[in-house]
>>> print(open('coords_29.cif').read())   # mmCIF, C-alpha atoms
data_structure
#
loop_
_atom_site.label_atom_id
_atom_site.label_comp_id
_atom_site.auth_asym_id
_atom_site.auth_seq_id
_atom_site.Cartn_x
_atom_site.Cartn_y
_atom_site.Cartn_z
CA MET A 1374 -72.20 -35.09 160.25
CA LYS A 1375 -75.84 -34.32 159.58
CA CYS A 1376 -76.06 -37.44 157.45
CA LEU A 1377 -74.56 -39.53 160.23
CA SER A 1378 -76.91 -38.29 162.89
CA THR A 1379 -79.87 -38.90 160.58
CA ILE A 1380 -78.79 -42.48 160.12
CA VAL A 1381 -78.30 -42.90 163.82
CA SER A 1382 -81.72 -41.45 164.64
CA LEU A 1383 -83.42 -43.62 162.02
CA CYS A 1384 -81.69 -46.66 163.27
CA ALA A 1385 -82.48 -45.82 166.86
CA ALA A 1386 -86.13 -45.33 165.97
CA LEU A 1387 -86.25 -48.73 164.28
CA PHE A 1388 -84.65 -50.63 167.09
CA ALA A 1389 -85.92 -48.41 169.90
CA GLY A 1390 -83.23 -49.31 172.34
CA GLY A 1391 -79.96 -50.20 170.73
CA CYS A 1392 -78.36 -49.03 167.54
CA ALA A 1393 -74.78 -50.18 167.45
CA ILE A 1394 -75.86 -53.34 169.17
CA ALA A 1395 -79.39 -54.65 168.73
CA PRO A 1396 -81.15 -56.11 171.78
CA GLY A 1397 -80.24 -59.70 172.47
CA PRO A 1398 -79.68 -62.17 175.27
CA SER A 1399 -77.68 -60.67 178.11
CA PRO A 1400 -76.35 -63.23 180.57
CA ASP A 1401 -74.09 -61.69 183.18
CA LEU A 1402 -70.37 -61.71 182.68
CA GLY A 1403 -69.74 -63.96 185.66
CA ALA A 1404 -71.78 -66.77 184.11
CA ALA A 1405 -69.86 -66.38 180.86
CA ARG A 1406 -66.56 -66.54 182.74
CA ALA A 1407 -67.52 -69.73 184.49
CA ALA A 1408 -68.93 -71.42 181.39
CA ALA A 1409 -65.92 -71.34 179.08
CA PRO A 1410 -62.70 -73.24 179.79
CA ALA A 1411 -59.54 -71.15 179.98
CA PRO A 1412 -57.56 -71.53 176.73
CA ALA A 1413 -53.93 -72.57 176.76
CA ASP A 1414 -52.61 -69.18 175.61
CA ASP A 1415 -53.80 -66.44 177.93
CA ARG A 1416 -50.70 -64.26 177.64
CA LEU A 1417 -52.56 -61.30 176.15
CA PHE A 1418 -55.33 -61.63 178.74
CA ARG A 1419 -52.72 -61.46 181.50
CA ALA A 1420 -50.87 -58.60 179.75
CA LEU A 1421 -54.13 -56.66 179.74
CA GLY A 1422 -54.34 -57.11 183.49
CA GLY A 1423 -56.97 -59.85 183.55
CA HIS A 1424 -60.62 -59.06 184.16
CA ALA A 1425 -59.84 -55.91 186.16
CA GLY A 1426 -57.52 -54.56 183.46
CA ILE A 1427 -60.01 -55.28 180.71
CA GLU A 1428 -62.78 -53.59 182.67
CA ALA A 1429 -60.65 -50.48 183.15
CA LEU A 1430 -59.61 -50.47 179.49
CA SER A 1431 -63.22 -50.84 178.36
CA GLU A 1432 -64.24 -47.95 180.58
CA SER A 1433 -61.55 -45.75 179.06
CA PHE A 1434 -62.58 -46.87 175.59
CA VAL A 1435 -66.25 -46.04 176.14
CA ARG A 1436 -65.25 -42.67 177.62
CA GLU A 1437 -63.09 -41.91 174.57
CA LEU A 1438 -65.86 -42.94 172.16
CA ALA A 1439 -68.25 -40.63 173.97
CA ALA A 1440 -65.77 -37.76 173.91
CA ASP A 1441 -64.98 -37.98 170.19
CA GLU A 1442 -67.11 -35.90 167.88
CA ILE A 1443 -67.29 -38.54 165.15
CA THR A 1444 -67.81 -41.67 167.23
CA ARG A 1445 -70.20 -40.02 169.71
CA ALA A 1446 -72.95 -39.84 167.07
CA PHE A 1447 -72.93 -43.61 166.57
CA PHE A 1448 -73.37 -44.30 170.26
CA ALA A 1449 -75.96 -41.66 171.03
CA ARG A 1450 -78.79 -44.17 171.43
CA THR A 1451 -76.71 -47.21 172.31
CA ASP A 1452 -77.36 -49.15 175.51
CA ILE A 1453 -73.95 -48.21 176.92
CA THR A 1454 -74.13 -50.66 179.82
CA ARG A 1455 -74.66 -53.54 177.44
CA PHE A 1456 -72.05 -52.25 174.99
CA HIS A 1457 -69.55 -51.94 177.82
CA ARG A 1458 -70.24 -55.51 178.92
CA LEU A 1459 -69.94 -56.90 175.38
CA ILE A 1460 -66.65 -55.07 174.79
CA GLN A 1461 -65.28 -56.72 177.93
CA GLU A 1462 -66.58 -60.13 176.89
CA GLN A 1463 -65.03 -59.79 173.47
CA LEU A 1464 -61.65 -58.57 174.75
CA CYS A 1465 -61.62 -61.32 177.39
CA ALA A 1466 -62.65 -64.04 174.92
CA GLU A 1467 -60.17 -63.02 172.23
CA SER A 1468 -57.24 -62.45 174.56
CA GLY A 1469 -57.51 -65.95 175.98
CA GLY A 1470 -59.35 -65.10 179.20
CA GLY A 1471 -61.86 -67.87 178.70
CA CYS A 1472 -64.98 -65.71 178.38
CA THR A 1473 -67.76 -66.26 175.86
CA TYR A 1474 -68.79 -63.34 173.68
CA THR A 1475 -72.58 -63.23 173.67
CA GLY A 1476 -73.13 -60.36 171.23
CA GLU A 1477 -73.90 -60.43 167.55
CA SER A 1478 -71.20 -60.98 164.95
CA MET A 1479 -69.30 -57.83 164.01
CA ARG A 1480 -71.03 -57.81 160.63
CA VAL A 1481 -74.52 -57.99 162.11
CA ALA A 1482 -73.79 -55.57 164.95
CA HIS A 1483 -72.59 -52.85 162.56
CA ALA A 1484 -74.92 -53.51 159.63
CA GLY A 1485 -76.90 -50.56 158.34
CA LEU A 1486 -75.10 -47.98 160.45
CA GLY A 1487 -73.48 -46.39 157.45
CA ILE A 1488 -70.04 -46.63 158.97
CA GLU A 1489 -67.42 -45.07 156.74
CA ARG A 1490 -63.68 -45.51 156.84
CA ARG A 1491 -63.17 -42.25 158.71
CA ASP A 1492 -65.62 -43.42 161.41
CA MET A 1493 -63.79 -46.71 161.79
CA ASN A 1494 -60.45 -44.87 161.94
CA ALA A 1495 -61.85 -42.68 164.70
CA VAL A 1496 -62.89 -45.76 166.70
CA VAL A 1497 -59.41 -47.26 166.35
CA GLU A 1498 -57.86 -43.99 167.52
CA ALA A 1499 -60.23 -43.93 170.50
CA LEU A 1500 -59.04 -47.42 171.39
CA MET A 1501 -55.42 -46.28 171.07
CA ARG A 1502 -56.04 -43.36 173.41
CA ALA A 1503 -57.77 -45.67 175.87
CA MET A 1504 -54.80 -48.04 175.84
CA ASP A 1505 -52.45 -45.08 176.35
CA GLU A 1506 -54.53 -44.00 179.35
CA GLN A 1507 -54.19 -47.49 180.79
CA GLU A 1508 -50.43 -47.25 180.16
CA LEU A 1509 -50.35 -50.59 178.37
CA PRO A 1510 -46.98 -51.51 176.87
CA ILE A 1511 -46.75 -50.93 173.11
CA ALA A 1512 -46.51 -54.66 172.32
CA THR A 1513 -49.73 -55.31 174.25
CA GLN A 1514 -51.43 -52.43 172.46
CA ASN A 1515 -50.28 -53.79 169.11
CA ALA A 1516 -51.59 -57.26 169.97
CA VAL A 1517 -55.03 -55.80 170.73
CA LEU A 1518 -55.04 -53.80 167.50
CA ALA A 1519 -53.93 -56.84 165.50
CA LEU A 1520 -56.84 -58.83 166.97
CA HIS A 1521 -59.31 -56.25 165.75
CA ALA A 1522 -57.79 -55.25 162.40
CA PRO A 1523 -59.23 -58.23 160.44
CA LYS A 1524 -62.76 -57.20 161.50
CA ARG A 1525 -62.63 -54.02 159.45
CA ARG A 1526 -64.42 -55.40 156.40
CA ASP A 1527 -67.23 -56.76 158.59
CA VAL A 1528 -67.59 -53.42 160.38
CA LEU A 1529 -67.67 -51.54 157.08
CA GLY A 1530 -70.06 -54.12 155.62
CA GLU A 1531 -67.79 -54.90 152.67
CA MET B 1430 -41.86 -31.75 126.53
CA LYS B 1431 -41.06 -29.40 129.37
CA LEU B 1432 -42.77 -30.13 132.63
CA ALA B 1433 -42.69 -26.67 134.13
CA PRO B 1434 -45.95 -25.52 132.47
CA LEU B 1435 -47.73 -28.43 134.16
CA LEU B 1436 -46.80 -27.26 137.63
CA PRO B 1437 -49.69 -24.79 138.01
CA CYS B 1438 -52.09 -27.69 137.33
CA ILE B 1439 -51.05 -29.21 140.65
CA ALA B 1440 -52.20 -26.04 142.38
CA LEU B 1441 -55.67 -26.49 140.89
CA LEU B 1442 -56.12 -29.97 142.32
CA PRO B 1443 -57.47 -29.00 145.74
CA GLY B 1444 -60.17 -26.96 143.98
CA LEU B 1445 -60.97 -29.95 141.82
CA ALA B 1446 -61.25 -32.13 144.90
CA ALA B 1447 -63.58 -29.61 146.53
CA ALA B 1448 -65.76 -29.62 143.41
CA GLN B 1449 -66.07 -33.39 143.74
CA GLY B 1450 -67.47 -32.95 147.23
CA ILE B 1451 -64.29 -34.10 148.90
CA THR B 1452 -63.37 -31.88 151.78
CA PRO B 1453 -59.91 -31.69 153.27
CA ALA B 1454 -60.31 -33.16 156.74
CA SER B 1455 -58.12 -31.74 159.47
CA GLY B 1456 -55.19 -34.02 158.82
CA GLY B 1457 -57.33 -36.83 157.46
CA SER B 1458 -58.52 -39.86 159.37
CA ARG B 1459 -55.95 -42.54 158.54
CA LEU B 1460 -53.75 -43.71 161.39
CA LEU B 1461 -50.58 -41.87 162.35
CA ALA B 1462 -47.53 -42.59 160.16
CA THR B 1463 -49.55 -44.36 157.45
CA GLY B 1464 -48.71 -41.57 155.02
CA GLY B 1465 -45.01 -42.23 155.38
CA GLY B 1466 -42.62 -39.40 154.61
CA THR B 1467 -41.80 -37.98 151.21
CA ALA B 1468 -39.12 -39.66 149.16
CA PHE B 1469 -36.69 -37.38 147.31
CA GLU B 1470 -38.64 -37.76 144.05
CA GLY B 1471 -41.81 -36.37 145.67
CA ALA B 1472 -43.86 -39.53 146.20
CA ALA B 1473 -44.96 -40.69 149.64
CA GLY B 1474 -42.32 -43.12 150.83
CA GLY B 1475 -39.11 -43.31 152.77
CA GLY B 1476 -36.03 -41.35 151.82
CA LEU B 1477 -35.01 -43.04 148.60
CA VAL B 1478 -37.92 -45.36 147.81
CA PRO B 1479 -41.56 -44.62 146.95
CA TRP B 1480 -44.05 -46.70 148.90
CA ALA B 1481 -47.55 -47.94 148.06
CA VAL B 1482 -49.02 -45.58 150.66
CA LEU B 1483 -50.51 -42.27 149.61
CA SER B 1484 -49.30 -38.96 151.02
CA GLY B 1485 -51.07 -37.39 153.96
CA TYR B 1486 -53.82 -39.04 155.97
CA GLY B 1487 -56.92 -38.83 153.79
CA ASP B 1488 -59.07 -41.95 153.58
CA ARG B 1489 -62.04 -42.51 151.27
CA GLY B 1490 -63.98 -39.28 150.89
CA GLU B 1491 -61.08 -37.20 152.18
CA ALA B 1492 -58.28 -35.26 150.55
CA SER B 1493 -54.91 -34.28 151.91
CA ALA B 1494 -52.01 -32.13 150.86
CA THR B 1495 -48.35 -32.16 151.79
CA ALA B 1496 -45.28 -30.03 151.26
CA PHE B 1497 -41.75 -31.19 151.89
CA GLY B 1498 -38.13 -30.19 151.85
CA SER B 1499 -35.12 -32.51 151.88
CA VAL B 1500 -31.41 -31.96 152.15
CA VAL B 1501 -28.71 -34.52 151.44
CA ARG B 1502 -25.10 -33.80 152.27
CA VAL B 1503 -22.57 -36.38 151.11
CA ASP B 1504 -18.79 -36.06 150.79
CA ASP B 1505 -18.63 -34.12 147.52
CA TYR B 1506 -22.22 -33.12 146.77
CA ALA B 1507 -25.24 -31.35 148.18
CA LEU B 1508 -28.75 -32.22 147.06
CA ASP B 1509 -31.72 -30.00 147.94
CA VAL B 1510 -35.28 -30.93 147.12
CA ILE B 1511 -38.59 -29.18 147.61
CA GLY B 1512 -42.00 -30.37 146.56
CA ALA B 1513 -45.66 -30.89 147.28
CA SER B 1514 -48.40 -33.41 146.80
CA VAL B 1515 -52.13 -33.83 146.85
CA SER B 1516 -53.89 -37.11 147.58
CA ILE B 1517 -57.56 -37.67 146.92
CA ASP B 1518 -59.85 -40.39 148.27
CA ASN B 1519 -56.86 -42.52 149.34
CA ARG B 1520 -56.84 -43.47 145.69
CA VAL B 1521 -54.66 -41.11 143.72
CA GLU B 1522 -51.60 -39.06 144.65
CA LEU B 1523 -50.18 -36.27 142.52
CA SER B 1524 -46.82 -34.82 143.37
CA VAL B 1525 -44.20 -32.44 142.17
CA ALA B 1526 -40.58 -32.18 143.22
CA LYS B 1527 -37.71 -29.96 142.25
CA GLN B 1528 -34.20 -31.30 142.82
CA ARG B 1529 -31.00 -29.30 142.82
CA LEU B 1530 -27.67 -31.08 143.02
CA ASP B 1531 -24.63 -28.91 143.68
CA ILE B 1532 -21.68 -30.44 141.81
CA ASP B 1533 -19.31 -27.55 142.39
CA SER B 1534 -16.63 -29.88 143.72
CA VAL B 1535 -16.26 -31.67 140.36
CA ALA B 1536 -17.51 -28.99 137.96
CA PRO B 1537 -16.99 -25.54 139.50
CA GLY B 1538 -20.09 -23.40 139.48
CA GLU B 1539 -22.33 -26.15 138.08
CA THR B 1540 -25.56 -27.51 139.43
CA LEU B 1541 -27.81 -30.25 138.08
CA GLU B 1542 -31.52 -29.65 138.33
CA GLN B 1543 -34.43 -31.95 137.75
CA SER B 1544 -38.20 -31.63 137.98
CA VAL B 1545 -40.33 -34.66 138.77
CA ILE B 1546 -44.08 -34.84 138.37
CA GLY B 1547 -45.45 -37.96 140.00
CA MET B 1548 -48.74 -39.78 139.85
CA LYS B 1549 -49.55 -42.74 142.03
CA LEU B 1550 -52.69 -44.86 141.93
CA ARG B 1551 -53.60 -47.16 144.80
CA LEU B 1552 -54.62 -50.36 143.04
CA GLY B 1553 -56.02 -52.08 146.10
CA GLY B 1554 -55.34 -53.50 149.51
CA GLU B 1555 -55.05 -51.67 152.79
CA LEU B 1556 -51.69 -51.22 154.49
CA VAL B 1557 -52.85 -51.84 158.05
CA TYR B 1558 -56.10 -53.80 158.02
CA ASP B 1559 -55.82 -56.29 155.17
CA THR B 1560 -53.94 -59.56 155.36
CA GLY B 1561 -52.20 -58.82 152.09
CA PRO B 1562 -50.29 -55.69 151.09
CA GLN B 1563 -51.45 -52.38 149.72
CA TRP B 1564 -50.59 -52.04 146.03
CA ALA B 1565 -49.89 -48.92 144.03
CA LEU B 1566 -48.79 -48.12 140.51
CA GLY B 1567 -46.83 -44.95 139.95
CA VAL B 1568 -45.30 -42.92 137.17
CA GLN B 1569 -42.69 -40.20 137.47
CA LEU B 1570 -42.27 -37.75 134.62
CA LYS B 1571 -38.73 -36.50 134.96
CA SER B 1572 -37.15 -33.59 133.22
CA THR B 1573 -33.52 -32.59 133.52
CA ASP B 1574 -33.40 -28.82 133.44
CA THR B 1575 -29.62 -28.67 133.10
CA PHE B 1576 -28.64 -31.00 130.28
CA ASP B 1577 -25.17 -29.70 129.35
CA VAL B 1578 -23.29 -31.83 131.84
CA PRO B 1579 -25.40 -35.00 131.34
CA GLN B 1580 -25.05 -34.65 127.58
CA ALA B 1581 -21.31 -34.15 127.86
CA VAL B 1582 -20.96 -37.41 129.77
CA GLY B 1583 -23.01 -39.43 127.29
CA ALA B 1584 -26.68 -39.18 128.29
CA ALA B 1585 -29.09 -39.49 125.37
CA ALA B 1586 -32.14 -37.59 126.59
CA ASP B 1587 -33.02 -34.81 129.01
CA GLU B 1588 -36.33 -36.36 130.04
CA GLY B 1589 -37.69 -39.75 130.90
CA VAL B 1590 -40.54 -41.58 132.50
CA ASP B 1591 -40.17 -44.03 135.38
CA VAL B 1592 -42.97 -46.50 136.02
CA TYR B 1593 -43.13 -48.39 139.31
CA LEU B 1594 -45.23 -50.92 141.14
CA SER B 1595 -45.10 -50.87 144.94
CA ALA B 1596 -46.43 -53.20 147.60
CA SER B 1597 -46.48 -52.06 151.24
CA LYS B 1598 -47.53 -53.98 154.32
CA LEU B 1599 -47.64 -53.13 158.01
CA TRP B 1600 -47.89 -55.94 160.52
CA LEU B 1601 -49.37 -54.32 163.63
CA HIS B 1602 -47.99 -56.95 165.98
CA GLY B 1603 -44.74 -57.70 164.17
CA LEU B 1604 -41.15 -58.19 165.29
CA PHE B 1605 -40.84 -58.12 169.09
CA GLY B 1606 -44.49 -57.07 169.25
CA ARG B 1607 -43.62 -53.88 167.37
CA SER B 1608 -45.44 -52.77 164.23
CA THR B 1609 -43.29 -53.85 161.32
CA PHE B 1610 -43.27 -52.34 157.86
CA LEU B 1611 -42.08 -53.77 154.57
CA ASN B 1612 -42.20 -52.22 151.12
CA GLY B 1613 -41.07 -53.59 147.79
CA THR B 1614 -40.95 -51.52 144.62
CA VAL B 1615 -40.12 -52.60 141.08
CA ARG B 1616 -39.26 -49.76 138.73
CA ALA B 1617 -38.77 -49.52 134.99
CA THR B 1618 -36.37 -46.68 134.27
CA ARG B 1619 -33.93 -45.27 131.75
CA ALA B 1620 -32.48 -42.76 134.20
CA ASN B 1621 -28.83 -42.20 135.01
CA GLN B 1622 -28.44 -41.30 138.69
CA THR B 1623 -32.25 -41.15 138.92
CA GLY B 1624 -32.30 -38.64 136.05
CA LEU B 1625 -29.91 -36.04 137.43
CA LEU B 1626 -27.44 -37.25 134.78
CA GLY B 1627 -30.08 -37.59 132.09
CA PHE B 1628 -31.66 -40.64 130.54
CA GLY B 1629 -30.19 -43.51 128.54
CA THR B 1630 -26.96 -43.35 126.63
CA THR B 1631 -26.42 -42.66 122.99
CA GLY B 1632 -26.22 -46.37 122.25
CA ASP B 1633 -28.73 -47.65 124.78
CA THR B 1634 -32.08 -46.11 125.59
CA ARG B 1635 -33.90 -49.26 126.69
CA TYR B 1636 -35.70 -49.46 130.01
CA ARG B 1637 -34.16 -51.40 132.89
CA ALA B 1638 -36.06 -53.06 135.70
CA VAL B 1639 -34.70 -52.31 139.17
CA GLY B 1640 -35.80 -53.37 142.63
CA GLU B 1641 -36.16 -51.19 145.72
CA VAL B 1642 -36.86 -52.25 149.29
CA SER B 1643 -37.68 -50.46 152.53
CA ALA B 1644 -38.16 -52.07 155.92
CA GLY B 1645 -38.88 -50.53 159.29
CA VAL B 1646 -39.87 -51.29 162.83
CA PHE B 1647 -41.99 -48.86 164.86
CA LEU B 1648 -40.55 -48.51 168.35
CA ASN B 1649 -43.88 -46.90 169.25
CA ARG B 1650 -46.51 -45.04 167.26
CA ARG B 1651 -44.30 -42.04 166.64
CA TRP B 1652 -40.85 -43.43 166.04
CA VAL B 1653 -39.70 -45.85 163.38
CA VAL B 1654 -36.23 -47.13 162.51
CA GLY B 1655 -35.49 -48.81 159.22
CA ALA B 1656 -33.35 -49.25 156.17
CA GLU B 1657 -33.70 -48.93 152.43
CA TYR B 1658 -32.00 -50.28 149.36
CA ARG B 1659 -32.44 -48.93 145.86
CA GLN B 1660 -31.00 -50.74 142.89
CA LYS B 1661 -29.92 -48.51 139.99
CA PRO B 1662 -28.89 -49.08 136.40
CA ASP B 1663 -25.25 -48.38 135.59
CA ARG B 1664 -24.66 -47.57 131.98
CA LEU B 1665 -22.92 -44.24 131.53
CA ALA B 1666 -19.47 -45.16 130.20
CA ALA B 1667 -17.89 -42.11 131.80
CA PHE B 1668 -18.95 -42.78 135.40
CA ARG B 1669 -19.79 -45.77 137.47
CA GLU B 1670 -23.18 -45.70 139.20
CA ASP B 1671 -23.88 -47.62 142.40
CA ASP B 1672 -26.99 -48.84 144.15
CA TRP B 1673 -28.16 -46.58 146.97
CA ARG B 1674 -28.90 -47.49 150.54
CA ASP B 1675 -29.71 -45.81 153.82
CA VAL B 1676 -30.62 -46.41 157.41
CA PHE B 1677 -33.26 -44.06 158.73
CA VAL B 1678 -35.18 -42.84 161.72
CA GLY B 1679 -38.70 -41.52 161.19
CA TRP B 1680 -40.57 -39.30 163.62
CA PHE B 1681 -44.30 -38.65 163.45
CA PRO B 1682 -45.13 -36.23 166.29
CA ASN B 1683 -48.64 -35.68 164.87
CA LYS B 1684 -50.53 -35.92 161.60
CA HIS B 1685 -49.17 -32.61 160.37
CA VAL B 1686 -45.44 -33.19 160.61
CA SER B 1687 -43.15 -36.04 159.71
CA VAL B 1688 -39.38 -36.04 159.83
CA ILE B 1689 -37.04 -38.58 158.32
CA ALA B 1690 -33.34 -38.49 159.14
CA ALA B 1691 -31.01 -40.95 157.51
CA PHE B 1692 -27.45 -41.93 156.92
CA ALA B 1693 -27.20 -42.54 153.19
CA ASP B 1694 -24.59 -44.35 151.14
CA LEU B 1695 -24.94 -43.20 147.55
CA GLY B 1696 -21.79 -44.92 146.28
CA SER B 1697 -20.03 -43.43 143.31
CA ILE B 1698 -21.52 -40.30 141.73
CA ALA B 1699 -19.99 -38.60 138.69
CA GLY B 1700 -16.57 -40.04 139.31
CA GLN B 1701 -16.47 -39.43 143.04
CA ASP B 1702 -16.57 -42.68 145.00
CA GLU B 1703 -17.96 -43.44 148.43
CA GLN B 1704 -20.47 -40.61 148.66
CA ARG B 1705 -21.88 -40.99 152.13
CA GLY B 1706 -23.61 -38.59 154.42
CA ALA B 1707 -26.68 -37.21 156.07
CA TYR B 1708 -30.21 -37.07 154.76
CA LEU B 1709 -32.93 -34.98 156.39
CA SER B 1710 -36.48 -34.57 155.17
CA VAL B 1711 -39.35 -32.66 156.73
CA GLU B 1712 -42.91 -33.03 155.51
CA LEU B 1713 -45.90 -30.92 156.47
CA ALA B 1714 -49.36 -32.33 155.90
CA ARG B 1715 -52.92 -31.21 156.25
#
>>> encode(input="coords_29.cif", output="structure tokens")
Amino acid sequence: MKCLSTIVSLCAALFAGGCAIAPGPSPDLGAARAAAPAPADDRLFRALGGHAGIEALSESFVRELAADEITRAFFARTDITRFHRLIQEQLCAESGGGCTYTGESMRVAHAGLGIERRDMNAVVEALMRAMDEQELPIATQNAVLALHAPKRRDVLGE
Amino acid sequence: MKLAPLLPCIALLPGLAAAQGITPASGGSRLLATGGGTAFEGAAGGGLVPWAVLSGYGDRGEASATAFGSVVRVDDYALDVIGASVSIDNRVELSVAKQRLDIDSVAPGETLEQSVIGMKLRLGGELVYDTGPQWALGVQLKSTDTFDVPQAVGAAADEGVDVYLSASKLWLHGLFGRSTFLNGTVRATRANQTGLLGFGTTGDTRYRAVGEVSAGVFLNRRWVVGAEYRQKPDRLAAFREDDWRDVFVGWFPNKHVSVIAAFADLGSIAGQDEQRGAYLSVELAR
């Protein structure tokens, strides 16, 4: 854990503002919603409860990440407001809600953080707990997990 | 070669892992149920089939240990198994199992006992996250401790080595939106009734290739239902040997306990046909 916090502090010092997500353009979510056309398949977006559901899920997720001993260290110096917004954009975009994700690629966003498998596993479990809190049906939860699973190699920098 | 002297080596493994800087995490970080249960030969798997997953929940840089006990009660026989395993770095699994088959109903007062030392190496792939399957290569060093009966019915040797290749894959959003698991195992073996009736016959000690399959659907994160099929050689002249199959329910209340209950059809064993009954296995992990 000492190693992790050292990495996080170093990283935070270098970027002086955002670690998990480096500073970048930050248009508001409403503009992103309006800009992108709604895709044909928005079943997952609707299953998640639309924008309101995704906002609630993201809040739970951020709360779980902050509560977990392992994941907390990675987010200590993160701009949580921006992270929260990007999580919503990404969930909305990938579930067919018609949003545009304005953050960095997963590979860039997680580069240099020294994320190990156990850290990634802890993030996935935090997401699972968040989805449980939102009482999402198991098939919806599985669809969200399946969306994110292929990103693992990018997150780990492999 | 008797395997019993090797058993204490297994006990030294956690110390070895600690010396390598690998610390046993509290349960390990891999996702719930990804360690499977323990198959009756000691390897992480279902009831009858070893899977490509490694026991416990340790990922890279973590170690885990499990202990298990299984009971099988079919029409004329009772099989009891106990064992343990250690997995290191989500790379290598070492296991030991002791099987005891009560054959009192066909040979009064007799039991058949076998020890199995298993080693499994994850070759590559990741069960949950990768598009392709997780692969593992395993060996099982089997030693029949009670050779009188196997010898009397034509078995050639009291010990043998099984080698198997397994591929396991979990589709998170599978059938009906449920996480869906599939495992295929190919095994090279000389065993009669998995070794409980010895290895080879006096005229035939060649290896046979057999196929084994497990499939399951997770109703939620803690409960899985599935089925298994295990092909077996059939070459003892005295007794017919059938393929094995089961339908199972798995329960993973947390990362420290897993329970597999099954209805197994073990076919004909030592002259007694239609051996069907209950299978229950409990695994503790840390």
>>> interface_residues(input="coords_29.cif", of="chain B", to="chain A", cutoff="12 Å", atoms="only C-alpha atoms", output="PyMOL selection string")
chain B and resi 1454-1461+1463+1486-1492+1518-1519+1554-1561+1599-1609+1647-1652
>>> atom_distance(input="coords_29.cif", atom1="atom CA of B:Gly1476", atom2="atom CA of B:Val1678")
10.0 Å
>>> atom_distance(input="coords_29.cif", atom1="atom CA of B:Tyr1506", atom2="atom CA of B:Gly1471")
19.9 Å
>>> atom_distance(input="coords_29.cif", atom1="atom CA of B:Arg1529", atom2="atom CA of B:Leu1594")
25.9 Å
>>> resolve_selection(input="coords_29.cif", expression="the PyMOL selection byres ((chain B and resi 1617-1626) around 6)", output="PyMOL selection string")
chain B and resi 1579+1591-1592+1616+1627-1629+1636-1638
>>> closest_residue(input="coords_29.cif", among="B:Phe1497, B:Phe1469, B:Trp1673, B:Tyr1708", to="B:Ala1690", atoms="only C-alpha atoms")
B:Tyr1708
>>> resolve_selection(input="coords_29.cif", expression="the PyMOL selection byres ((chain B and resi 1526) around 6)", output="ChimeraX atom specification")
/B:1470-1471,1511-1512,1525,1527,1544-1545
>>> closest_residue(input="coords_29.cif", among="A:Asp1527, A:Arg1445, A:Glu1437, A:Gly1422", to="A:Ser1468", atoms="all atoms listed in the file")
A:Gly1422
>>> resolve_selection(input="coords_29.cif", expression="the PyMOL selection byres ((chain A and resi 1428) around 10)", output="JSON, numbers by chain")
{"A": [1421, 1422, 1423, 1424, 1425, 1426, 1427, 1429, 1430, 1431, 1432, 1433, 1434, 1457, 1458, 1460, 1461, 1462, 1464, 1465]}
>>> closest_residue(input="coords_29.cif", among="B:Arg1705, B:Lys1549, B:Lys1598, B:His1685", to="B:Val1646", atoms="only C-alpha atoms")
B:Lys1598
>>> residues_near_point(input="coords_29.cif", point="(-43.9, -40.8, 141.8)", cutoff="8 Å", atoms="only C-alpha atoms", output="PyMOL selection string")
chain B and resi 1470-1473+1479+1523-1524+1545-1549+1567-1570
>>> closest_residue(input="coords_29.cif", among="B:Glu1703, B:Glu1588, B:Glu1712, B:Glu1670", to="B:Asp1505", atoms="all atoms listed in the file")
B:Glu1703
>>> closest_residue(input="coords_29.cif", among="B:Arg1659, B:Lys1571, B:Arg1715, B:Lys1684", to="B:Asp1671", atoms="all atoms listed in the file")
B:Arg1659
>>> closest_residue(input="coords_29.cif", among="B:Val1501, B:Val1578, B:Val1521, B:Leu1695", to="B:Gly1538", atoms="only C-alpha atoms")
B:Val1578
>>> decode(input="coords_29.cif", residues="stretch 1478-1485 of chain B", atoms="N, CA and C atoms", output="PDB file, in the first residue's frame")
ATOM      1  N   VAL B1478     -14.839 -32.776 -13.027  1.00  0.00           N
ATOM      2  CA  VAL B1478     -13.940 -32.301 -14.080  1.00  0.00           C
ATOM      3  C   VAL B1478     -13.054 -31.159 -13.570  1.00  0.00           C
ATOM      4  N   PRO B1479     -11.729 -31.256 -13.803  1.00  0.00           N
ATOM      5  CA  PRO B1479     -10.871 -30.122 -13.472  1.00  0.00           C
ATOM      6  C   PRO B1479     -11.033 -29.004 -14.497  1.00  0.00           C
ATOM      7  N   TRP B1480     -11.013 -27.769 -14.018  1.00  0.00           N
ATOM      8  CA  TRP B1480     -11.159 -26.624 -14.915  1.00  0.00           C
ATOM      9  C   TRP B1480      -9.819 -25.906 -15.070  1.00  0.00           C
ATOM     10  N   ALA B1481      -9.793 -24.941 -16.000  1.00  0.00           N
ATOM     11  CA  ALA B1481      -8.554 -24.184 -16.228  1.00  0.00           C
ATOM     12  C   ALA B1481      -8.340 -23.110 -15.171  1.00  0.00           C
ATOM     13  N   VAL B1482      -9.329 -22.908 -14.292  1.00  0.00           N
ATOM     14  CA  VAL B1482      -9.174 -21.902 -13.244  1.00  0.00           C
ATOM     15  C   VAL B1482      -8.301 -22.455 -12.122  1.00  0.00           C
ATOM     16  N   LEU B1483      -7.660 -21.557 -11.387  1.00  0.00           N
ATOM     17  CA  LEU B1483      -6.840 -21.977 -10.265  1.00  0.00           C
ATOM     18  C   LEU B1483      -7.607 -21.793  -8.966  1.00  0.00           C
ATOM     19  N   SER B1484      -7.322 -22.650  -7.993  1.00  0.00           N
ATOM     20  CA  SER B1484      -8.079 -22.666  -6.746  1.00  0.00           C
ATOM     21  C   SER B1484      -7.920 -21.361  -5.976  1.00  0.00           C
ATOM     22  N   GLY B1485      -8.942 -21.024  -5.231  1.00  0.00           N
ATOM     23  CA  GLY B1485      -8.910 -19.812  -4.426  1.00  0.00           C
ATOM     24  C   GLY B1485      -9.115 -18.582  -5.288  1.00  0.00           C
TER      25      GLY B1485
END
